Amino acid sequence: MSISTHVLDTMRGTPAAGLAVTLLRNEPDGDGKEVGQAETDADGRVRALTDEELDPGEYRLEFDTRPYFERSGLSAFYPSVSVAFSFEGGHLHVPLLLSAFGYTTYKGT
């Protein structure tokens with residue numbers, strides 16, 4: 001049971017390397033409990049956000065986009081991107097297509 005992601009910079013047509021990603025499990029009180037954290041590699045990938053077994057439930061990925069764009073001299077309209085999803089077990093891949101002024105995500109394989 002794992003969750004991975006791949007972030008592509010659609011403005012440049014390149015992987016978004018060095019972008020911090022946090023995985024949180026949504027708790028009944030509305031807060032999120034951090035269960036994993038990583039940084040995208042040179043290919044823009046995080047192959048596994050945690051080594052722990054993940055229970056099915058509601059999770060979210062938080063992408064810290066501000067530092068990524070600031071390194072390029074750009075200001076980010078979205079300083080962070082939050083993607084909430086249901087995890088039913090197995091492997092889940094959540095790609096993010098990112099630009100300074102927009103983003104798209106989908107359920108990958």
# chains A, B, ... in the order shown; residues from 1 in each chain; ligands from 1
>>> residues_around(residues="stretch 83-97 of chain A", least_positions_apart="6", cutoff="8 Å", atoms="only C-alpha atoms", output="VMD selection string")
chain A and resid 1 to 10 54 to 62 103 to 109
>>> select_by_dssp(residues="stretch 1-108 of chain A", states="strand (DSSP E or B)", output="PyMOL selection string")
chain A and resi 2-9+14-15+20-26+32-39+45-46+57-64+81-87+91-93+96-99+102-105+108
>>> write_last_selection(atoms="N, CA and C atoms", output="short mmCIF file (atom, residue, chain, number, x, y, z; two decimals), in the first residue's frame")
data_model
loop_
_atom_site.label_atom_id
_atom_site.label_comp_id
_atom_site.auth_asym_id
_atom_site.auth_seq_id
_atom_site.Cartn_x
_atom_site.Cartn_y
_atom_site.Cartn_z
N SER A 2 0.88 1.96 -1.11
CA SER A 2 1.75 3.12 -1.19
C SER A 2 1.10 4.21 -2.03
N ILE A 3 1.62 5.41 -1.86
CA ILE A 3 1.17 6.57 -2.62
C ILE A 3 2.40 7.24 -3.21
N SER A 4 2.34 7.51 -4.51
CA SER A 4 3.44 8.18 -5.20
C SER A 4 2.89 9.38 -5.96
N THR A 5 3.81 10.24 -6.42
CA THR A 5 3.42 11.40 -7.21
C THR A 5 4.50 11.72 -8.23
N HIS A 6 4.14 12.51 -9.21
CA HIS A 6 5.05 12.99 -10.24
C HIS A 6 4.61 14.40 -10.58
N VAL A 7 5.51 15.37 -10.43
CA VAL A 7 5.16 16.77 -10.67
C VAL A 7 5.90 17.25 -11.92
N LEU A 8 5.13 17.74 -12.88
CA LEU A 8 5.69 18.28 -14.12
C LEU A 8 5.39 19.77 -14.21
N ASP A 9 6.40 20.54 -14.55
CA ASP A 9 6.27 21.98 -14.74
C ASP A 9 5.81 22.21 -16.17
N THR A 14 9.27 20.58 -18.14
CA THR A 14 10.31 19.81 -17.45
C THR A 14 9.75 19.25 -16.14
N PRO A 15 10.44 18.27 -15.56
CA PRO A 15 10.06 17.80 -14.22
C PRO A 15 10.27 18.93 -13.20
N ALA A 20 8.89 20.22 -2.28
CA ALA A 20 8.50 19.51 -1.06
C ALA A 20 7.05 19.06 -1.14
N VAL A 21 6.82 17.79 -0.74
CA VAL A 21 5.48 17.20 -0.75
C VAL A 21 5.23 16.55 0.61
N THR A 22 4.07 16.82 1.19
CA THR A 22 3.68 16.23 2.46
C THR A 22 2.40 15.43 2.28
N LEU A 23 2.36 14.23 2.85
CA LEU A 23 1.17 13.39 2.83
C LEU A 23 0.51 13.46 4.20
N LEU A 24 -0.77 13.80 4.22
CA LEU A 24 -1.53 13.89 5.47
C LEU A 24 -2.75 12.98 5.40
N ARG A 25 -3.06 12.35 6.52
CA ARG A 25 -4.31 11.59 6.65
C ARG A 25 -5.33 12.51 7.30
N ASN A 26 -6.49 12.66 6.68
CA ASN A 26 -7.54 13.51 7.23
C ASN A 26 -8.14 12.84 8.45
N GLY A 32 -5.31 17.35 9.76
CA GLY A 32 -4.57 16.34 9.03
C GLY A 32 -3.38 15.87 9.85
N LYS A 33 -3.18 14.56 9.89
CA LYS A 33 -2.02 14.00 10.58
C LYS A 33 -0.97 13.66 9.53
N GLU A 34 0.23 14.25 9.69
CA GLU A 34 1.30 14.00 8.73
C GLU A 34 1.75 12.54 8.83
N VAL A 35 1.76 11.86 7.69
CA VAL A 35 2.20 10.47 7.66
C VAL A 35 3.39 10.26 6.72
N GLY A 36 3.78 11.30 6.00
CA GLY A 36 4.94 11.18 5.12
C GLY A 36 5.33 12.52 4.54
N GLN A 37 6.62 12.62 4.20
CA GLN A 37 7.13 13.85 3.59
C GLN A 37 8.32 13.48 2.73
N ALA A 38 8.45 14.17 1.60
CA ALA A 38 9.56 13.90 0.69
C ALA A 38 9.74 15.11 -0.22
N GLU A 39 10.78 15.04 -1.03
CA GLU A 39 11.06 16.07 -2.03
C GLU A 39 11.16 15.38 -3.38
N ARG A 45 9.74 13.12 -9.39
CA ARG A 45 8.99 12.01 -8.80
C ARG A 45 9.26 11.84 -7.31
N VAL A 46 8.23 11.37 -6.62
CA VAL A 46 8.36 10.81 -5.28
C VAL A 46 7.75 9.42 -5.40
N GLY A 57 -8.63 5.31 3.63
CA GLY A 57 -9.20 6.50 4.24
C GLY A 57 -9.04 7.72 3.36
N GLU A 58 -9.28 8.86 3.95
CA GLU A 58 -9.17 10.15 3.26
C GLU A 58 -7.79 10.74 3.54
N TYR A 59 -7.09 11.11 2.48
CA TYR A 59 -5.74 11.66 2.58
C TYR A 59 -5.67 12.93 1.74
N ARG A 60 -4.57 13.65 1.91
CA ARG A 60 -4.30 14.77 1.01
C ARG A 60 -2.80 14.94 0.85
N LEU A 61 -2.43 15.41 -0.33
CA LEU A 61 -1.05 15.78 -0.63
C LEU A 61 -0.96 17.29 -0.62
N GLU A 62 0.04 17.81 0.08
CA GLU A 62 0.32 19.24 0.11
C GLU A 62 1.63 19.47 -0.64
N PHE A 63 1.56 20.22 -1.73
CA PHE A 63 2.73 20.55 -2.54
C PHE A 63 3.14 21.98 -2.20
N ASP A 64 4.36 22.18 -1.71
CA ASP A 64 4.85 23.51 -1.32
C ASP A 64 5.47 24.17 -2.55
N VAL A 81 -0.35 23.78 -3.19
CA VAL A 81 -1.45 23.06 -3.84
C VAL A 81 -1.81 21.90 -2.93
N SER A 82 -3.09 21.78 -2.63
CA SER A 82 -3.59 20.70 -1.78
C SER A 82 -4.51 19.81 -2.62
N VAL A 83 -4.22 18.52 -2.62
CA VAL A 83 -5.03 17.56 -3.39
C VAL A 83 -5.57 16.52 -2.42
N ALA A 84 -6.89 16.54 -2.21
CA ALA A 84 -7.54 15.57 -1.32
C ALA A 84 -8.06 14.40 -2.15
N PHE A 85 -8.00 13.20 -1.57
CA PHE A 85 -8.43 12.01 -2.30
C PHE A 85 -8.76 10.88 -1.32
N SER A 86 -9.47 9.89 -1.83
CA SER A 86 -9.79 8.68 -1.07
C SER A 86 -8.80 7.59 -1.46
N PHE A 87 -8.26 6.93 -0.45
CA PHE A 87 -7.30 5.84 -0.66
C PHE A 87 -7.96 4.56 -0.20
N HIS A 91 -1.74 0.47 -4.53
CA HIS A 91 -0.84 1.57 -4.91
C HIS A 91 -1.67 2.65 -5.59
N LEU A 92 -1.40 3.90 -5.22
CA LEU A 92 -2.08 5.04 -5.82
C LEU A 92 -1.03 6.03 -6.28
N HIS A 93 -1.17 6.50 -7.53
CA HIS A 93 -0.26 7.49 -8.10
C HIS A 93 -1.08 8.75 -8.39
N LEU A 96 0.77 15.65 -10.70
CA LEU A 96 0.41 17.06 -10.66
C LEU A 96 1.09 17.76 -11.83
N LEU A 97 0.29 18.40 -12.68
CA LEU A 97 0.80 19.24 -13.76
C LEU A 97 0.70 20.67 -13.26
N LEU A 98 1.82 21.37 -13.22
CA LEU A 98 1.92 22.62 -12.47
C LEU A 98 2.46 23.76 -13.33
N SER A 99 1.85 24.94 -13.17
CA SER A 99 2.42 26.18 -13.70
C SER A 99 2.24 27.23 -12.61
N GLY A 102 -1.69 27.93 -12.54
CA GLY A 102 -2.70 26.89 -12.62
C GLY A 102 -2.10 25.52 -12.37
N TYR A 103 -2.98 24.54 -12.17
CA TYR A 103 -2.53 23.17 -11.99
C TYR A 103 -3.65 22.21 -12.34
N THR A 104 -3.27 20.99 -12.65
CA THR A 104 -4.20 19.91 -12.96
C THR A 104 -3.68 18.66 -12.28
N THR A 105 -4.59 17.84 -11.80
CA THR A 105 -4.21 16.57 -11.20
C THR A 105 -5.20 15.50 -11.65
N GLY A 108 -3.51 8.60 -11.46
CA GLY A 108 -2.63 7.91 -12.37
C GLY A 108 -2.56 6.43 -12.07
#
>>> select_by_dssp(residues="chain A", states="alpha helix (DSSP H)", output="count of residues only")
6
>>> residues_around(residues="A:Ser75", least_positions_apart="4", cutoff="10 Å", atoms="only C-alpha atoms", output="MDAnalysis selection string")
chainID A and resid 65:71 79 100:101
>>> atom_distance(atom1="atom CA of A:Asp43", atom2="atom CA of A:Ala17")
6.3 Å
>>> closest_residue(among="A:Gly30, A:Asp41, A:Ser72, A:Phe77", to="A:Arg12", atoms="only C-alpha atoms")
A:Ser72
